[in-house]
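Participant: Below is the file data.tsv, with TSV, C-alpha atoms.
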chain	number	residue	atom	x	y	z
B	1	MET	CA	9.79	42.91	-1.52
B	2	PHE	CA	10.22	39.26	-0.51
B	3	GLY	CA	6.51	39.17	0.43
B	4	LYS	CA	5.50	40.35	-3.04
B	5	PHE	CA	7.69	37.64	-4.56
B	6	ILE	CA	6.01	34.95	-2.44
B	7	LEU	CA	2.56	36.35	-3.28
B	8	GLY	CA	3.43	36.36	-6.98
B	9	ALA	CA	4.73	32.80	-6.84
B	10	ALA	CA	1.61	31.63	-4.98
B	11	LEU	CA	-0.65	33.36	-7.49
B	12	THR	CA	1.23	31.75	-10.37
B	13	ALA	CA	0.86	28.31	-8.75
B	14	VAL	CA	-2.89	28.82	-8.23
B	15	MET	CA	-3.38	29.94	-11.85
B	16	ALA	CA	-1.39	26.97	-13.14
B	17	ALA	CA	-3.51	24.59	-11.04
B	18	ALA	CA	-6.71	26.22	-12.30
B	19	GLN	CA	-5.51	25.87	-15.89
B	20	ALA	CA	-4.67	22.21	-15.32
B	21	GLU	CA	-8.19	21.56	-14.07
B	22	VAL	CA	-9.86	22.88	-17.22
B	23	THR	CA	-7.46	21.33	-19.70
B	24	VAL	CA	-9.02	18.14	-21.03
B	25	ASN	CA	-7.39	15.68	-23.38
B	26	HIS	CA	-9.94	14.36	-25.84
B	27	ALA	CA	-9.57	10.80	-26.97
B	28	PHE	CA	-11.26	9.71	-30.14
B	29	ILE	CA	-13.04	6.53	-31.00
B	30	SER	CA	-12.47	4.83	-34.34
B	31	PHE	CA	-15.47	2.88	-35.59
B	32	GLU	CA	-15.27	0.24	-38.26
B	33	THR	CA	-18.59	1.29	-39.78
B	34	VAL	CA	-21.07	4.15	-39.85
B	35	ALA	CA	-23.71	1.81	-38.39
B	36	ALA	CA	-21.47	1.06	-35.39
B	37	ALA	CA	-20.94	4.79	-34.80
B	38	GLN	CA	-24.67	5.53	-34.99
B	39	LYS	CA	-25.38	2.78	-32.48
B	40	ASN	CA	-22.58	3.41	-29.97
B	41	VAL	CA	-21.38	7.02	-30.06
B	42	LYS	CA	-22.31	9.55	-27.39
B	43	ALA	CA	-22.67	13.30	-27.81
B	44	ASP	CA	-19.41	15.27	-27.76
B	45	GLU	CA	-17.22	12.22	-28.39
B	46	PHE	CA	-14.60	12.51	-31.09
B	47	VAL	CA	-15.00	9.87	-33.78
B	48	LEU	CA	-12.88	8.73	-36.69
B	49	LEU	CA	-14.84	7.39	-39.66
B	50	THR	CA	-13.87	6.29	-43.16
B	51	GLY	CA	-16.08	6.46	-46.24
B	52	HIS	CA	-17.13	8.34	-49.34
B	53	LEU	CA	-18.34	11.96	-49.10
B	54	VAL	CA	-21.34	13.14	-51.09
B	55	LYS	CA	-22.40	16.81	-51.12
B	56	THR	CA	-25.91	17.59	-49.92
B	57	THR	CA	-28.05	20.64	-50.62
B	58	ASP	CA	-27.06	22.34	-47.34
B	59	ALA	CA	-23.93	24.49	-47.28
B	60	ASP	CA	-20.93	22.63	-45.87
B	61	VAL	CA	-22.96	19.48	-45.16
B	62	TYR	CA	-21.91	16.18	-46.69
B	63	GLU	CA	-23.05	12.61	-46.27
B	64	LEU	CA	-20.34	10.14	-45.37
B	65	LYS	CA	-21.28	6.76	-46.82
B	66	ASP	CA	-19.92	3.30	-46.29
B	67	ALA	CA	-21.35	-0.18	-46.90
B	68	THR	CA	-23.45	-0.01	-43.70
B	69	GLY	CA	-25.09	3.41	-43.97
B	70	THR	CA	-24.76	7.17	-44.14
B	71	ILE	CA	-24.13	9.91	-41.62
B	72	GLN	CA	-24.24	13.67	-42.08
B	73	VAL	CA	-20.96	15.52	-41.66
B	74	THR	CA	-20.60	19.28	-41.32
B	75	LEU	CA	-17.39	20.05	-43.20
B	76	PRO	CA	-16.29	23.70	-43.05
B	77	ARG	CA	-14.73	25.01	-46.26
B	78	GLU	CA	-11.41	25.78	-44.59
B	79	LEU	CA	-10.90	22.05	-43.98
B	80	HIS	CA	-11.17	21.10	-47.64
B	81	SER	CA	-10.29	24.33	-49.46
B	82	ARG	CA	-7.13	22.77	-50.92
B	83	MET	CA	-8.73	19.54	-52.11
B	84	THR	CA	-11.56	18.58	-54.40
B	85	ILE	CA	-14.12	16.34	-52.75
B	86	THR	CA	-15.31	13.59	-55.08
B	87	LYS	CA	-17.74	10.81	-54.29
B	88	GLU	CA	-15.36	8.25	-55.83
B	89	ASP	CA	-12.55	8.91	-53.31
B	90	THR	CA	-12.39	7.55	-49.77
B	91	TYR	CA	-11.86	9.95	-46.87
B	92	GLU	CA	-11.05	9.68	-43.20
B	93	VAL	CA	-12.99	12.22	-41.11
B	94	LEU	CA	-12.20	13.12	-37.52
B	95	GLY	CA	-14.90	15.09	-35.77
B	96	ARG	CA	-17.12	15.59	-32.77
B	97	ALA	CA	-20.45	13.79	-32.58
B	98	TYR	CA	-23.61	15.76	-31.86
B	99	PHE	CA	-27.31	15.14	-32.07
B	100	VAL	CA	-29.67	17.53	-33.85
B	101	PRO	CA	-33.11	17.57	-32.17
B	102	PHE	CA	-35.57	15.32	-34.01
B	103	GLU	CA	-32.82	14.13	-36.34
B	104	GLU	CA	-30.05	11.59	-36.26
B	105	LEU	CA	-26.44	11.85	-35.27
B	106	ARG	CA	-24.17	14.32	-37.07
B	107	ILE	CA	-20.43	14.79	-37.09
B	108	ASP	CA	-18.85	18.23	-36.87
B	109	ALA	CA	-15.60	17.60	-38.77
B	110	GLU	CA	-12.32	18.95	-37.46
B	111	LYS	CA	-9.94	17.12	-39.81
B	112	ILE	CA	-10.25	15.36	-43.13
B	113	ARG	CA	-7.75	13.18	-44.95
B	114	LEU	CA	-7.84	11.56	-48.37
B	115	VAL	CA	-7.19	7.82	-48.00
B	116	LYS	CA	-4.99	6.41	-50.73
As structure tokens - that is how I would like this structure written.

Facilitator:
Amino acid sequence: MFGKFILGAALTAVMAAAQAEVTVNHAFISFETVAAAQKNVKADEFVLLTGHLVKTTDADVYELKDATGTIQVTLPRELHSRMTITKEDTYEVLGRAYFVPFEELRIDAEKIRLVK
């Protein structure tokens, strides 16, 4: 019985160590401008951008605009189902950067906040 207890404890310790190895804390990078993000961001980095959102013809795709440029943002409906997106308002978007082949950088939004 004591041997089973030791085996169980060892197995638990190994599983906890394996879990710790695959758990990754993602930091995000806040850019002052869209142009700075387009120039400096790497794929799979989390970015925080601020600007105006304009709907495009694609479903769930918006353009985030600021004074320096535009960037496409994929914004799932569940993120903004309780708010009305208007091009006059300013939004803060947190998302993961990715590159579409033969296109420019895009952001896959994970959070959105109306800036007051």

Participant: Rank nothing, just name the residue among B:Met83, B:Ala59, B:Ile107, B:Val41 nearest to Ile71 of chain B, using all atoms listed in the file.

Facilitator: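 Once distances to Ile71 of chain B are computed over all atoms listed in the file, the minimum belongs to B:Ile107.
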
Participant: Grab the atom CA of Asp108 of chain B to atom CA of Ala67 of chain B distance for me, in Å with one decimal place.

Facilitator: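 Separating atom CA of Asp108 of chain B from atom CA of Ala67 of chain B is a distance of 21.1 Å.
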
Participant: Of the candidates B:Thr57, B:Thr50, B:Gln72, B:Thr33, which one gets nearest to Phe99 of chain B if we count only C-alpha atoms?

Facilitator: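 Among B:Thr57, B:Thr50, B:Gln72, B:Thr33, it is B:Gln72 that comes nearest to Phe99 of chain B.
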
Participant: So what do you get for atom CA of Arg77 of chain B versus atom CA of Asp58 of chain B, distance-wise?

Facilitator: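 Distance between the two atoms: 12.7 Å.
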
Participant: So which residues touch Glu92 of chain B within 9 Å, counting only C-alpha atoms, skipping near sequence neighbours fewer than 2 positions away, as a list in words?

Facilitator: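 Answer for this query is Leu48, Leu49, Thr50, Gly51, His52, Thr90, Leu94, Lys111, Ile112, Arg113, Leu114 and Val115 of chain B.
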
Participant: Those same residues, written as a PDB file, in the coordinates of the input with C-alpha atoms?

Facilitator:
ATOM      1  CA  LEU B  48     -12.880   8.730 -36.690  1.00  0.00           C
ATOM      2  CA  LEU B  49     -14.840   7.390 -39.660  1.00  0.00           C
ATOM      3  CA  THR B  50     -13.870   6.290 -43.160  1.00  0.00           C
ATOM      4  CA  GLY B  51     -16.080   6.460 -46.240  1.00  0.00           C
ATOM      5  CA  HIS B  52     -17.130   8.340 -49.340  1.00  0.00           C
ATOM      6  CA  THR B  90     -12.390   7.550 -49.770  1.00  0.00           C
ATOM      7  CA  LEU B  94     -12.200  13.120 -37.520  1.00  0.00           C
ATOM      8  CA  LYS B 111      -9.940  17.120 -39.810  1.00  0.00           C
ATOM      9  CA  ILE B 112     -10.250  15.360 -43.130  1.00  0.00           C
ATOM     10  CA  ARG B 113      -7.750  13.180 -44.950  1.00  0.00           C
ATOM     11  CA  LEU B 114      -7.840  11.560 -48.370  1.00  0.00           C
ATOM     12  CA  VAL B 115      -7.190   7.820 -48.000  1.00  0.00           C
TER      13      VAL B 115
END

Participant: Between atom CA of Ala36 of chain B and atom CA of Gly69 of chain B, what distance in Å does the model show, to one decimal?

Facilitator: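 Interatomic distance here is 9.6 Å.
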
Participant: From the options B:Glu32, B:Glu104, B:Asp44, B:Glu63, which residue's atoms come nearest to Ile85 of chain B, counting all atoms listed in the file?

Facilitator: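 Of B:Glu32, B:Glu104, B:Asp44, B:Glu63, the one nearest Ile85 of chain B, counting all atoms listed in the file, is B:Glu63.
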
Participant: Identify, on the basis of all atoms listed in the file, every residue whose closest approach to Glu110 of chain B does not exceed 8 Å; exclude the query and any residue fewer than 5 positions from it along the same chain; express the result as number ranges by chain.

Facilitator: B: 75, 79, 93-96

Participant: Grab the residues selected above and save them as a CSV table (one decimal), in the coordinates of the input with C-alpha atoms.

Facilitator:
chain,number,residue,atom,x,y,z
B,75,LEU,CA,-17.4,20.0,-43.2
B,79,LEU,CA,-10.9,22.0,-44.0
B,93,VAL,CA,-13.0,12.2,-41.1
B,94,LEU,CA,-12.2,13.1,-37.5
B,95,GLY,CA,-14.9,15.1,-35.8
B,96,ARG,CA,-17.1,15.6,-32.8

Participant: For segment 85-103 of chain B, what centre and edge lengths in Å (one decimal) does the axis-aligned box get once 5 Å is added on each side of all its listed atoms, as JSON?

Facilitator:
{"center_x": -23.3, "center_y": 12.6, "center_z": -43.8, "size_x": 34.5, "size_y": 20.0, "size_z": 34.0}

Participant: Quick one: of B:Thr68, B:Val61, B:Glu88, B:Tyr98, who's nearest to Lys116 of chain B, counting only C-alpha atoms?

Facilitator: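 Counting only C-alpha atoms, the residue closest to Lys116 of chain B is B:Glu88.
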
Participant: Point out the residue among B:Val47, B:Asp89, B:Pro76, B:Leu64 with the least atom-to-atom distance to Ser30 of chain B, counting all atoms listed in the file.

Facilitator: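 Ranking B:Val47, B:Asp89, B:Pro76, B:Leu64 by distance to Ser30 of chain B, first place goes to B:Val47.
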
Participant: May I ask which of the residues B:Val34, B:Val54, B:Val73, B:Ile29 is the closest one to Lys87 of chain B, counting all atoms listed in the file?

Facilitator: B:Val54
